[in-house]
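Coordinates as given in input.cif (mmCIF, C-alpha atoms and all ligand atoms):
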data_target
loop_
_atom_site.group_PDB
_atom_site.id
_atom_site.type_symbol
_atom_site.label_atom_id
_atom_site.label_comp_id
_atom_site.auth_asym_id
_atom_site.auth_seq_id
_atom_site.Cartn_x
_atom_site.Cartn_y
_atom_site.Cartn_z
ATOM 1 C CA MET V 1 -24.005 -9.924 80.963
ATOM 2 C CA SER V 2 -27.428 -11.527 81.203
ATOM 3 C CA ALA V 3 -28.291 -15.202 81.784
ATOM 4 C CA LEU V 4 -29.108 -16.034 78.139
ATOM 5 C CA ASP V 5 -27.053 -13.439 76.247
ATOM 6 C CA GLY V 6 -26.587 -14.311 72.569
ATOM 7 C CA LYS V 7 -28.472 -17.622 72.772
ATOM 8 C CA VAL V 8 -31.011 -18.569 70.117
ATOM 9 C CA ALA V 9 -34.171 -19.942 71.711
ATOM 10 C CA LEU V 10 -37.207 -21.589 70.127
ATOM 11 C CA VAL V 11 -40.229 -21.584 72.432
ATOM 12 C CA THR V 12 -43.019 -23.650 70.881
ATOM 13 C CA GLY V 13 -46.548 -22.544 71.715
ATOM 14 C CA SER V 14 -45.472 -18.993 72.557
ATOM 15 C CA SER V 15 -48.280 -17.179 70.749
ATOM 16 C CA ARG V 16 -50.042 -16.988 74.142
ATOM 17 C CA GLY V 17 -50.102 -18.288 77.703
ATOM 18 C CA ILE V 18 -47.094 -19.841 79.401
ATOM 19 C CA GLY V 19 -45.027 -19.948 76.205
ATOM 20 C CA ALA V 20 -45.474 -16.216 75.597
ATOM 21 C CA ALA V 21 -44.255 -15.485 79.146
ATOM 22 C CA ILE V 22 -41.189 -17.688 78.582
ATOM 23 C CA ALA V 23 -40.435 -15.973 75.257
ATOM 24 C CA HIS V 24 -40.704 -12.527 76.889
ATOM 25 C CA LEU V 25 -38.466 -13.450 79.821
ATOM 26 C CA PHE V 26 -35.850 -15.175 77.644
ATOM 27 C CA ALA V 27 -35.693 -12.087 75.393
ATOM 28 C CA ARG V 28 -35.344 -9.843 78.451
ATOM 29 C CA HIS V 29 -32.347 -11.983 79.452
ATOM 30 C CA GLY V 30 -30.606 -11.505 76.125
ATOM 31 C CA ALA V 31 -31.850 -14.449 74.047
ATOM 32 C CA ARG V 32 -32.901 -14.053 70.409
ATOM 33 C CA VAL V 33 -36.258 -15.772 70.421
ATOM 34 C CA ALA V 34 -38.326 -17.597 67.812
ATOM 35 C CA VAL V 35 -41.943 -17.114 68.851
ATOM 36 C CA HIS V 36 -44.013 -20.042 67.603
ATOM 37 C CA GLY V 37 -47.660 -21.020 67.159
ATOM 38 C CA ARG V 38 -50.350 -21.179 64.471
ATOM 39 C CA ASP V 39 -52.348 -18.003 65.111
ATOM 40 C CA LEU V 40 -50.541 -15.386 63.027
ATOM 41 C CA ALA V 41 -52.194 -12.378 64.675
ATOM 42 C CA ALA V 42 -51.306 -13.640 68.162
ATOM 43 C CA LEU V 43 -47.729 -14.373 67.024
ATOM 44 C CA SER V 44 -47.313 -10.852 65.641
ATOM 45 C CA ALA V 45 -48.610 -9.348 68.888
ATOM 46 C CA VAL V 46 -46.126 -11.312 71.047
ATOM 47 C CA ARG V 47 -43.227 -10.507 68.704
ATOM 48 C CA ALA V 48 -44.103 -6.807 68.667
ATOM 49 C CA ASP V 49 -44.358 -6.734 72.497
ATOM 50 C CA ILE V 50 -40.900 -8.295 72.796
ATOM 51 C CA GLU V 51 -39.437 -5.801 70.319
ATOM 52 C CA ARG V 52 -41.117 -2.860 72.097
ATOM 53 C CA ALA V 53 -39.392 -3.993 75.305
ATOM 54 C CA GLY V 54 -36.020 -3.918 73.484
ATOM 55 C CA GLY V 55 -35.764 -7.662 72.821
ATOM 56 C CA GLN V 56 -35.047 -9.543 69.604
ATOM 57 C CA ALA V 57 -37.625 -11.960 68.167
ATOM 58 C CA ILE V 58 -38.895 -13.540 64.982
ATOM 59 C CA GLN V 59 -42.194 -15.345 64.495
ATOM 60 C CA VAL V 60 -42.591 -18.817 63.010
ATOM 61 C CA ALA V 61 -45.674 -20.918 62.337
ATOM 62 C CA ALA V 62 -45.953 -24.712 62.204
ATOM 63 C CA ASP V 63 -48.239 -27.479 63.368
ATOM 64 C CA VAL V 64 -46.018 -29.400 65.788
ATOM 65 C CA THR V 65 -47.853 -32.650 65.065
ATOM 66 C CA ARG V 66 -46.404 -32.550 61.514
ATOM 67 C CA PHE V 67 -42.696 -33.276 61.126
ATOM 68 C CA ALA V 68 -42.349 -31.639 57.700
ATOM 69 C CA GLU V 69 -43.730 -28.356 59.070
ATOM 70 C CA ILE V 70 -41.345 -28.495 62.051
ATOM 71 C CA GLU V 71 -38.395 -29.122 59.732
ATOM 72 C CA SER V 72 -39.252 -26.128 57.573
ATOM 73 C CA MET V 73 -39.685 -23.982 60.698
ATOM 74 C CA ARG V 74 -36.226 -25.088 61.889
ATOM 75 C CA HIS V 75 -34.688 -24.100 58.524
ATOM 76 C CA GLN V 76 -36.378 -20.691 58.787
ATOM 77 C CA ILE V 77 -35.023 -20.112 62.320
ATOM 78 C CA GLU V 78 -31.510 -21.252 61.364
ATOM 79 C CA GLY V 79 -31.607 -18.906 58.354
ATOM 80 C CA GLN V 80 -32.807 -15.878 60.319
ATOM 81 C CA LEU V 81 -31.226 -16.358 63.774
ATOM 82 C CA GLY V 82 -28.687 -19.179 63.491
ATOM 83 C CA PRO V 83 -28.565 -22.621 65.146
ATOM 84 C CA ILE V 84 -30.977 -23.232 68.027
ATOM 85 C CA ASP V 85 -29.245 -23.311 71.430
ATOM 86 C CA ILE V 86 -32.351 -23.630 73.600
ATOM 87 C CA LEU V 87 -35.550 -25.492 72.765
ATOM 88 C CA VAL V 88 -38.580 -25.144 75.006
ATOM 89 C CA ALA V 89 -41.072 -27.756 73.736
ATOM 90 C CA ASN V 90 -44.049 -26.115 75.392
ATOM 91 C CA ALA V 91 -46.858 -26.387 72.812
ATOM 92 C CA GLY V 92 -49.665 -28.644 73.931
ATOM 93 C CA GLY V 93 -52.832 -28.787 75.949
ATOM 94 C CA SER V 94 -55.675 -31.074 76.919
ATOM 95 C CA PHE V 95 -57.898 -31.957 73.993
ATOM 96 C CA THR V 96 -60.475 -34.072 75.832
ATOM 97 C CA LYS V 97 -62.900 -33.256 78.646
ATOM 98 C CA PRO V 98 -62.263 -35.024 81.959
ATOM 99 C CA GLY V 99 -64.633 -37.974 82.362
ATOM 100 C CA PRO V 100 -64.939 -41.737 82.703
ATOM 101 C CA LEU V 101 -62.348 -43.549 80.587
ATOM 102 C CA GLU V 102 -64.959 -45.642 78.760
ATOM 103 C CA GLU V 103 -66.635 -42.437 77.555
ATOM 104 C CA THR V 104 -63.382 -41.035 76.143
ATOM 105 C CA SER V 105 -63.412 -41.210 72.346
ATOM 106 C CA GLU V 106 -60.524 -42.713 70.411
ATOM 107 C CA GLU V 107 -60.214 -39.380 68.563
ATOM 108 C CA GLY V 108 -59.947 -37.515 71.870
ATOM 109 C CA TRP V 109 -57.296 -39.932 73.125
ATOM 110 C CA GLN V 110 -55.327 -39.588 69.880
ATOM 111 C CA ALA V 111 -55.584 -35.793 69.872
ATOM 112 C CA SER V 112 -54.099 -35.499 73.371
ATOM 113 C CA VAL V 113 -51.331 -38.011 72.670
ATOM 114 C CA ASP V 114 -50.506 -36.417 69.292
ATOM 115 C CA GLY V 115 -50.744 -32.826 70.540
ATOM 116 C CA ASN V 116 -48.457 -33.405 73.531
ATOM 117 C CA LEU V 117 -46.300 -36.553 73.478
ATOM 118 C CA THR V 118 -45.899 -36.987 69.709
ATOM 119 C CA ALA V 119 -45.504 -33.232 69.175
ATOM 120 C CA THR V 120 -42.715 -33.129 71.770
ATOM 121 C CA PHE V 121 -41.024 -36.151 70.174
ATOM 122 C CA LEU V 122 -41.206 -34.675 66.654
ATOM 123 C CA THR V 123 -39.963 -31.253 67.759
ATOM 124 C CA ILE V 124 -36.957 -32.709 69.558
ATOM 125 C CA LYS V 125 -36.298 -35.120 66.658
ATOM 126 C CA SER V 126 -35.896 -32.106 64.365
ATOM 127 C CA ILE V 127 -33.761 -29.891 66.626
ATOM 128 C CA LEU V 128 -31.564 -32.478 68.358
ATOM 129 C CA PRO V 129 -29.212 -33.526 65.517
ATOM 130 C CA GLY V 130 -27.776 -29.992 65.241
ATOM 131 C CA MET V 131 -27.279 -29.795 68.995
ATOM 132 C CA LYS V 132 -25.462 -33.149 69.004
ATOM 133 C CA GLN V 133 -23.235 -31.986 66.145
ATOM 134 C CA ARG V 134 -22.368 -28.792 68.034
ATOM 135 C CA LYS V 135 -22.006 -30.735 71.294
ATOM 136 C CA ALA V 136 -24.133 -28.160 73.113
ATOM 137 C CA GLY V 137 -27.790 -27.563 73.743
ATOM 138 C CA ASN V 138 -30.557 -27.205 76.218
ATOM 139 C CA ILE V 139 -34.016 -28.742 76.001
ATOM 140 C CA ILE V 140 -36.969 -28.084 78.279
ATOM 141 C CA THR V 141 -40.214 -30.049 77.931
ATOM 142 C CA MET V 142 -43.605 -29.301 79.449
ATOM 143 C CA SER V 143 -45.555 -31.754 81.562
ATOM 144 C CA SER V 144 -48.369 -31.003 84.011
ATOM 145 C CA ALA V 145 -49.340 -31.652 87.611
ATOM 146 C CA ALA V 146 -51.951 -33.956 86.039
ATOM 147 C CA ALA V 147 -49.078 -36.350 85.282
ATOM 148 C CA ARG V 148 -47.560 -36.085 88.764
ATOM 149 C CA ARG V 149 -50.410 -37.464 90.831
ATOM 150 C CA PRO V 150 -53.744 -39.062 89.950
ATOM 151 C CA HIS V 151 -57.031 -37.252 90.468
ATOM 152 C CA PRO V 152 -60.541 -38.408 89.454
ATOM 153 C CA GLN V 153 -61.193 -35.086 87.653
ATOM 154 C CA SER V 154 -58.039 -35.179 85.495
ATOM 155 C CA PRO V 155 -58.371 -35.898 81.758
ATOM 156 C CA ILE V 156 -56.675 -39.305 81.463
ATOM 157 C CA PRO V 157 -55.382 -38.956 77.855
ATOM 158 C CA TYR V 158 -53.676 -35.661 78.719
ATOM 159 C CA ALA V 159 -52.222 -36.989 81.974
ATOM 160 C CA ALA V 160 -50.933 -40.131 80.267
ATOM 161 C CA ALA V 161 -49.393 -38.137 77.392
ATOM 162 C CA LYS V 162 -47.668 -35.759 79.827
ATOM 163 C CA ALA V 163 -46.357 -38.701 81.887
ATOM 164 C CA GLY V 164 -44.881 -39.996 78.628
ATOM 165 C CA ILE V 165 -43.152 -36.644 78.112
ATOM 166 C CA GLN V 166 -41.538 -36.966 81.532
ATOM 167 C CA MET V 167 -40.097 -40.387 80.709
ATOM 168 C CA LEU V 168 -39.026 -39.227 77.216
ATOM 169 C CA THR V 169 -37.205 -36.321 78.915
ATOM 170 C CA GLN V 170 -35.368 -38.539 81.364
ATOM 171 C CA HIS V 171 -34.350 -41.213 78.865
ATOM 172 C CA LEU V 172 -33.158 -38.501 76.490
ATOM 173 C CA ALA V 173 -31.149 -36.827 79.280
ATOM 174 C CA THR V 174 -29.191 -40.059 79.744
ATOM 175 C CA GLN V 175 -28.552 -40.357 75.969
ATOM 176 C CA VAL V 176 -27.412 -36.804 75.295
ATOM 177 C CA GLY V 177 -25.626 -35.775 78.508
ATOM 178 C CA PRO V 178 -22.312 -36.953 76.987
ATOM 179 C CA PHE V 179 -22.958 -34.528 74.080
ATOM 180 C CA GLY V 180 -23.135 -31.533 76.446
ATOM 181 C CA ILE V 181 -26.927 -31.335 76.163
ATOM 182 C CA ARG V 182 -29.188 -30.986 79.203
ATOM 183 C CA VAL V 183 -32.848 -32.031 79.091
ATOM 184 C CA ASN V 184 -35.326 -31.128 81.818
ATOM 185 C CA CYS V 185 -39.081 -31.036 82.235
ATOM 186 C CA ILE V 186 -41.381 -28.578 84.018
ATOM 187 C CA ALA V 187 -44.682 -29.760 85.524
ATOM 188 C CA PRO V 188 -46.928 -26.795 86.352
ATOM 189 C CA GLU V 189 -50.097 -26.914 88.444
ATOM 190 C CA THR V 190 -53.026 -24.716 87.328
ATOM 191 C CA ILE V 191 -51.609 -21.536 85.814
ATOM 192 C CA LEU V 192 -53.784 -18.458 85.351
ATOM 193 C CA THR V 193 -53.216 -17.949 81.630
ATOM 194 C CA GLU V 194 -55.659 -15.788 79.653
ATOM 195 C CA ARG V 195 -57.516 -18.986 78.731
ATOM 196 C CA ASN V 196 -57.757 -20.283 82.330
ATOM 197 C CA GLN V 197 -58.793 -16.835 83.612
ATOM 198 C CA GLN V 198 -61.837 -17.108 81.350
ATOM 199 C CA ARG V 199 -62.458 -20.848 81.751
ATOM 200 C CA ILE V 200 -62.285 -21.306 85.529
ATOM 201 C CA PRO V 201 -65.193 -19.751 87.487
ATOM 202 C CA ASN V 202 -64.213 -17.626 90.520
ATOM 203 C CA SER V 203 -65.780 -20.100 92.966
ATOM 204 C CA GLN V 204 -63.617 -22.905 91.572
ATOM 205 C CA LYS V 205 -60.513 -20.680 91.628
ATOM 206 C CA GLN V 206 -60.877 -20.313 95.419
ATOM 207 C CA ALA V 207 -61.247 -24.076 95.845
ATOM 208 C CA LEU V 208 -58.094 -24.581 93.769
ATOM 209 C CA VAL V 209 -56.175 -21.978 95.792
ATOM 210 C CA ASP V 210 -57.037 -23.927 98.950
ATOM 211 C CA LEU V 211 -55.201 -26.983 97.569
ATOM 212 C CA HIS V 212 -51.921 -25.034 97.449
ATOM 213 C CA PRO V 213 -49.720 -24.599 100.534
ATOM 214 C CA VAL V 214 -48.597 -21.318 98.919
ATOM 215 C CA LYS V 215 -52.063 -19.740 98.924
ATOM 216 C CA ARG V 216 -52.415 -18.565 95.347
ATOM 217 C CA LEU V 217 -52.659 -20.016 91.856
ATOM 218 C CA GLY V 218 -49.686 -19.905 89.535
ATOM 219 C CA VAL V 219 -49.153 -17.264 86.865
ATOM 220 C CA PRO V 220 -47.244 -17.682 83.570
ATOM 221 C CA GLY V 221 -44.262 -15.803 85.033
ATOM 222 C CA ASP V 222 -43.809 -18.523 87.673
ATOM 223 C CA VAL V 223 -43.188 -21.088 84.927
ATOM 224 C CA ALA V 224 -41.090 -18.655 82.875
ATOM 225 C CA ARG V 225 -38.684 -18.081 85.775
ATOM 226 C CA ALA V 226 -38.278 -21.842 86.270
ATOM 227 C CA ALA V 227 -37.559 -22.216 82.534
ATOM 228 C CA ARG V 228 -35.019 -19.386 82.644
ATOM 229 C CA PHE V 229 -33.191 -21.157 85.487
ATOM 230 C CA LEU V 230 -33.100 -24.490 83.630
ATOM 231 C CA ALA V 231 -31.996 -22.787 80.390
ATOM 232 C CA SER V 232 -29.147 -20.883 82.058
ATOM 233 C CA ASP V 233 -25.699 -21.972 83.215
ATOM 234 C CA ASP V 234 -26.981 -21.654 86.790
ATOM 235 C CA ALA V 235 -28.479 -25.103 86.144
ATOM 236 C CA ASP V 236 -25.271 -26.418 84.595
ATOM 237 C CA TRP V 237 -25.346 -29.637 86.609
ATOM 238 C CA VAL V 238 -29.110 -30.181 86.447
ATOM 239 C CA THR V 239 -30.463 -32.658 83.928
ATOM 240 C CA GLY V 240 -33.224 -35.253 83.767
ATOM 241 C CA ILE V 241 -35.396 -33.611 86.405
ATOM 242 C CA VAL V 242 -39.115 -32.941 86.503
ATOM 243 C CA LEU V 243 -39.485 -29.576 88.228
ATOM 244 C CA ASP V 244 -42.869 -29.107 89.914
ATOM 245 C CA VAL V 245 -43.936 -25.475 89.635
ATOM 246 C CA ALA V 246 -46.960 -25.974 91.778
ATOM 247 C CA GLY V 247 -47.053 -23.781 94.891
ATOM 248 C CA GLY V 248 -46.516 -26.930 96.932
ATOM 249 C CA ALA V 249 -49.646 -28.667 95.592
ATOM 250 C CA VAL V 250 -47.432 -31.453 94.246
ATOM 251 C CA MET V 251 -44.649 -32.908 96.357
ATOM 252 C CA VAL V 252 -43.207 -36.049 94.820
HETATM 253 N N1 LIG E 1 -52.122 -23.454 81.878
HETATM 254 C C1 LIG E 1 -52.006 -24.422 82.751
HETATM 255 O O1 LIG E 1 -52.661 -24.416 83.814
HETATM 256 C C2 LIG E 1 -51.066 -25.566 82.506
HETATM 257 C C3 LIG E 1 -50.803 -26.447 83.558
HETATM 258 C C4 LIG E 1 -49.949 -27.509 83.333
HETATM 259 C C5 LIG E 1 -49.343 -27.685 82.109
HETATM 260 N N2 LIG E 1 -49.616 -26.818 81.107
HETATM 261 C C6 LIG E 1 -48.936 -27.046 79.821
HETATM 262 O O2 LIG E 1 -48.186 -25.886 79.476
HETATM 263 C C7 LIG E 1 -48.172 -25.707 78.055
HETATM 264 C C8 LIG E 1 -48.725 -24.339 77.686
HETATM 265 O O3 LIG E 1 -50.033 -24.244 78.212
HETATM 266 P P1 LIG E 1 -50.900 -22.896 78.135
HETATM 267 O O4 LIG E 1 -51.944 -23.037 79.178
HETATM 268 O O5 LIG E 1 -50.021 -21.716 78.098
HETATM 269 O O6 LIG E 1 -51.596 -23.138 76.717
HETATM 270 P P2 LIG E 1 -52.468 -22.162 75.770
HETATM 271 O O7 LIG E 1 -52.665 -20.840 76.401
HETATM 272 O O8 LIG E 1 -53.664 -22.978 75.394
HETATM 273 O O9 LIG E 1 -51.511 -22.024 74.508
HETATM 274 C C9 LIG E 1 -51.122 -23.162 73.807
HETATM 275 C C10 LIG E 1 -49.998 -22.795 72.858
HETATM 276 O O10 LIG E 1 -49.584 -23.984 72.167
HETATM 277 C C11 LIG E 1 -49.744 -23.781 70.769
HETATM 278 N N3 LIG E 1 -50.129 -25.071 70.167
HETATM 279 C C12 LIG E 1 -50.938 -26.017 70.673
HETATM 280 N N4 LIG E 1 -51.011 -27.066 69.838
HETATM 281 C C13 LIG E 1 -50.232 -26.758 68.765
HETATM 282 C C14 LIG E 1 -49.902 -27.441 67.552
HETATM 283 N N5 LIG E 1 -50.393 -28.651 67.259
HETATM 284 N N6 LIG E 1 -49.058 -26.843 66.687
HETATM 285 C C15 LIG E 1 -48.561 -25.610 66.965
HETATM 286 N N7 LIG E 1 -48.836 -24.917 68.096
HETATM 287 C C16 LIG E 1 -49.664 -25.491 68.968
HETATM 288 C C17 LIG E 1 -50.806 -22.704 70.623
HETATM 289 O O11 LIG E 1 -50.635 -22.054 69.382
HETATM 290 P P3 LIG E 1 -51.832 -21.290 68.591
HETATM 291 O O12 LIG E 1 -52.850 -20.918 69.612
HETATM 292 O O13 LIG E 1 -51.140 -20.122 67.948
HETATM 293 O O14 LIG E 1 -52.332 -22.275 67.614
HETATM 294 C C18 LIG E 1 -50.455 -21.806 71.803
HETATM 295 O O15 LIG E 1 -49.362 -20.974 71.491
HETATM 296 C C19 LIG E 1 -48.981 -26.873 77.480
HETATM 297 O O16 LIG E 1 -48.105 -27.924 77.140
HETATM 298 C C20 LIG E 1 -49.869 -27.281 78.645
HETATM 299 O O17 LIG E 1 -50.285 -28.616 78.572
HETATM 300 C C21 LIG E 1 -50.468 -25.761 81.264
#
Is it possible to give me this structure as structure tokens?
Amino acid sequence: MSALDGKVALVTGSSRGIGAAIAHLFARHGARVAVHGRDLAALSAVRADIERAGGQAIQVAADVTRFAEIESMRHQIEGQLGPIDILVANAGGSFTKPGPLEETSEEGWQASVDGNLTATFLTIKSILPGMKQRKAGNIITMSSAAARRPHPQSPIPYAAAKAGIQMLTQHLATQVGPFGIRVNCIAPETILTERNQQRIPNSQKQALVDLHPVKRLGVPGDVARAARFLASDDADWVTGIVLDVAGGAVMV
């Protein structure tokens, strides 16, 4: 018997990066996984990888800033896999460059708030009613070290949106605990996804490593293992936490 045997899991933003690692690990632990994103080729590749490894997965596409698209994705998952037991609301990212606040455009602010905080709200709004009806469920949201401690180089709209996700998570945990639903948040420090491998120059990588008491940068698997713990019964009495997956670079 594996940690997530028979569970249906939706991992938003699993066409690449951290979400793809979570989808892979959940499938390896027995979950039937809905792999989600917008890039159909990337989705097919992740789904095929999971199936090659003996796991079960479907692929679904939706823009998580649009409620109607999320609702139709939920119907598709329920039709193909059954009710969603585990939601990892992972899709997001920073959509503005770091810089002085007065130089941040309103569009950039809105994009980061919509793409993280509002997307998380809308995704949970769609999936939660079924969980409450079934009196069971598990929700994991995704913050960032940027929302755990201030830094002059952090993009403020992203950090503020992620801080909002943390508070949303904790308020929701108090509302839905009586319905047998746990809600937790993960806050990763810099994770070497494919994108970050390309984006961060080697010289900067070393400087970032030096900020971590555990002398390396994170990899997607580090976040996936934390998500697996929170999603499993091993974390049965854990709700409303923000779990720093940060190699010691954040200690709150
Ligand atoms: N990597 C890090 O260092 C780091 C650190 C802290 C927190 N995080 C957080 O962890 C999460 C995953 O990050 P990542 O680095 O793995 O990201 P990534 O490699 O850029 O992948 C982002 C994923 O989210 C999906 N996505 C984004 N906006 C979407 C939208 N509006 N509708 C549907 N799908 C959307 C993308 O789908 P498509 O590409 O298919 O469109 C993709 O699957 C994010 O919430 C991020 O803020 C990352």
Can you give me, as a list of chain:residue names, the residues this file yields under the PyMOL selection byres (((chain V and resi 123) around 9) and not hetatm)?
V:Thr12, V:Val64, V:Thr65, V:Phe67, V:Ile70, V:Glu71, V:Leu87, V:Ala89, V:Thr118, V:Ala119, V:Thr120, V:Phe121, V:Leu122, V:Ile124, V:Lys125, V:Ser126, V:Ile127, V:Leu128
Which residues would end up in the selection if the PyMOL selection byres (((not hetatm)) within 9 of (chain E and resi 1)) were applied here, given that I need the answer as an MDAnalysis selection string?
chainID V and resid 12:21 35:43 61:66 89:94 114:116 119 141:146 158 162 186:196 218:220 223 245
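Picked by the PyMOL selection byres (((chain V and resi 248) around 7) and not hetatm) from the coordinates shown: His212, Pro213, Val214, Ala246, Gly247, Ala249, Val250 and Met251 of chain V.
You can rank V:Lys97, V:Lys215, V:Arg199, V:Arg225 by their closest distance to V:His24 using all atoms listed in the file, and at the top of that list sits V:Arg225.
Minimum atom-to-atom distances from V:Leu217, V:Gln133, V:Ser154, V:Ala27 to V:Asn202 were compared using only C-alpha atoms, and the lowest value belongs to V:Leu217.
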Using only C-alpha atoms for the distances, tell me which of V:Val113, V:Leu4, V:Ala53, V:Leu172 is nearest to V:His29.
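Of V:Val113, V:Leu4, V:Ala53, V:Leu172, the one nearest V:His29 is V:Leu4, counting only C-alpha atoms.
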Using all atoms listed in the file, which residue out of V:Ala147, V:Ile241, V:Ala34, V:Ile181 lies closest to V:Ala159?
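Smallest distance to V:Ala159 is found for V:Ala147.
Of the residues listed (V:Ile140, V:Ala23, V:Ala68, V:Ile84), V:Ala23 shows the shortest atom-to-atom separation from V:Ala48; distances use only C-alpha atoms.
With atom CA of V:Thr169 on one side and atom CA of V:Leu117 on the other, the separation reads 10.6 Å.
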Atom CA of V:Ile139 and atom CA of V:Thr239, how far apart in Å?
9.5 Å
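Atom CA of V:Ser72 to atom CA of V:Ile58 spans 14.6 Å [interatomic distance, one decimal].
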Where is the centre and how long are the edges: axis-aligned box on stretch 249-252 of chain V, 5 Å on each side, Å to one decimal, as AutoDock Vina command-line options:
--center_x -46.4 --center_y -32.4 --center_z 95.3 --size_x 16.4 --size_y 17.4 --size_z 12.1
Up to 12 Å from (-64.9, -32.6, 80.1) in the file's coordinates: name the residues, counting only C-alpha atoms, as a PyMOL selection string.
chain V and resi 94-101+103-105+108+152-158
Next, write the just-selected residues to a file, as a PDB file, in the frame of the given file, keeping C-alpha atoms as the atom set.
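File written: again.pdb
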ATOM      1  CA  SER V  94     -55.675 -31.074  76.919  1.00  0.00           C
ATOM      2  CA  PHE V  95     -57.898 -31.957  73.993  1.00  0.00           C
ATOM      3  CA  THR V  96     -60.475 -34.072  75.832  1.00  0.00           C
ATOM      4  CA  LYS V  97     -62.900 -33.256  78.646  1.00  0.00           C
ATOM      5  CA  PRO V  98     -62.263 -35.024  81.959  1.00  0.00           C
ATOM      6  CA  GLY V  99     -64.633 -37.974  82.362  1.00  0.00           C
ATOM      7  CA  PRO V 100     -64.939 -41.737  82.703  1.00  0.00           C
ATOM      8  CA  LEU V 101     -62.348 -43.549  80.587  1.00  0.00           C
ATOM      9  CA  GLU V 103     -66.635 -42.437  77.555  1.00  0.00           C
ATOM     10  CA  THR V 104     -63.382 -41.035  76.143  1.00  0.00           C
ATOM     11  CA  SER V 105     -63.412 -41.210  72.346  1.00  0.00           C
ATOM     12  CA  GLY V 108     -59.947 -37.515  71.870  1.00  0.00           C
ATOM     13  CA  PRO V 152     -60.541 -38.408  89.454  1.00  0.00           C
ATOM     14  CA  GLN V 153     -61.193 -35.086  87.653  1.00  0.00           C
ATOM     15  CA  SER V 154     -58.039 -35.179  85.495  1.00  0.00           C
ATOM     16  CA  PRO V 155     -58.371 -35.898  81.758  1.00  0.00           C
ATOM     17  CA  ILE V 156     -56.675 -39.305  81.463  1.00  0.00           C
ATOM     18  CA  PRO V 157     -55.382 -38.956  77.855  1.00  0.00           C
ATOM     19  CA  TYR V 158     -53.676 -35.661  78.719  1.00  0.00           C
TER      20      TYR V 158
END
Please identify all polymer residues within 9 Å of V:Phe179, counting only C-alpha atoms, omitting same-chain residues fewer than 5 positions from it, and present them as an mmCIF file with C-alpha atoms, in the coordinates of the input.
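Wrote it out as result15.cif, contents follow:
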data_model
loop_
_atom_site.group_PDB
_atom_site.id
_atom_site.type_symbol
_atom_site.label_atom_id
_atom_site.label_comp_id
_atom_site.auth_asym_id
_atom_site.auth_seq_id
_atom_site.Cartn_x
_atom_site.Cartn_y
_atom_site.Cartn_z
ATOM 1 C CA MET V 131 -27.279 -29.795 68.995
ATOM 2 C CA LYS V 132 -25.462 -33.149 69.004
ATOM 3 C CA GLN V 133 -23.235 -31.986 66.145
ATOM 4 C CA ARG V 134 -22.368 -28.792 68.034
ATOM 5 C CA LYS V 135 -22.006 -30.735 71.294
ATOM 6 C CA ALA V 136 -24.133 -28.160 73.113
ATOM 7 C CA GLY V 137 -27.790 -27.563 73.743
#
Contacts of V:Val238 at 9 Å (only C-alpha atoms; same-chain gap of 5+ positions) as a PyMOL selection string
chain V and resi 182-184+230
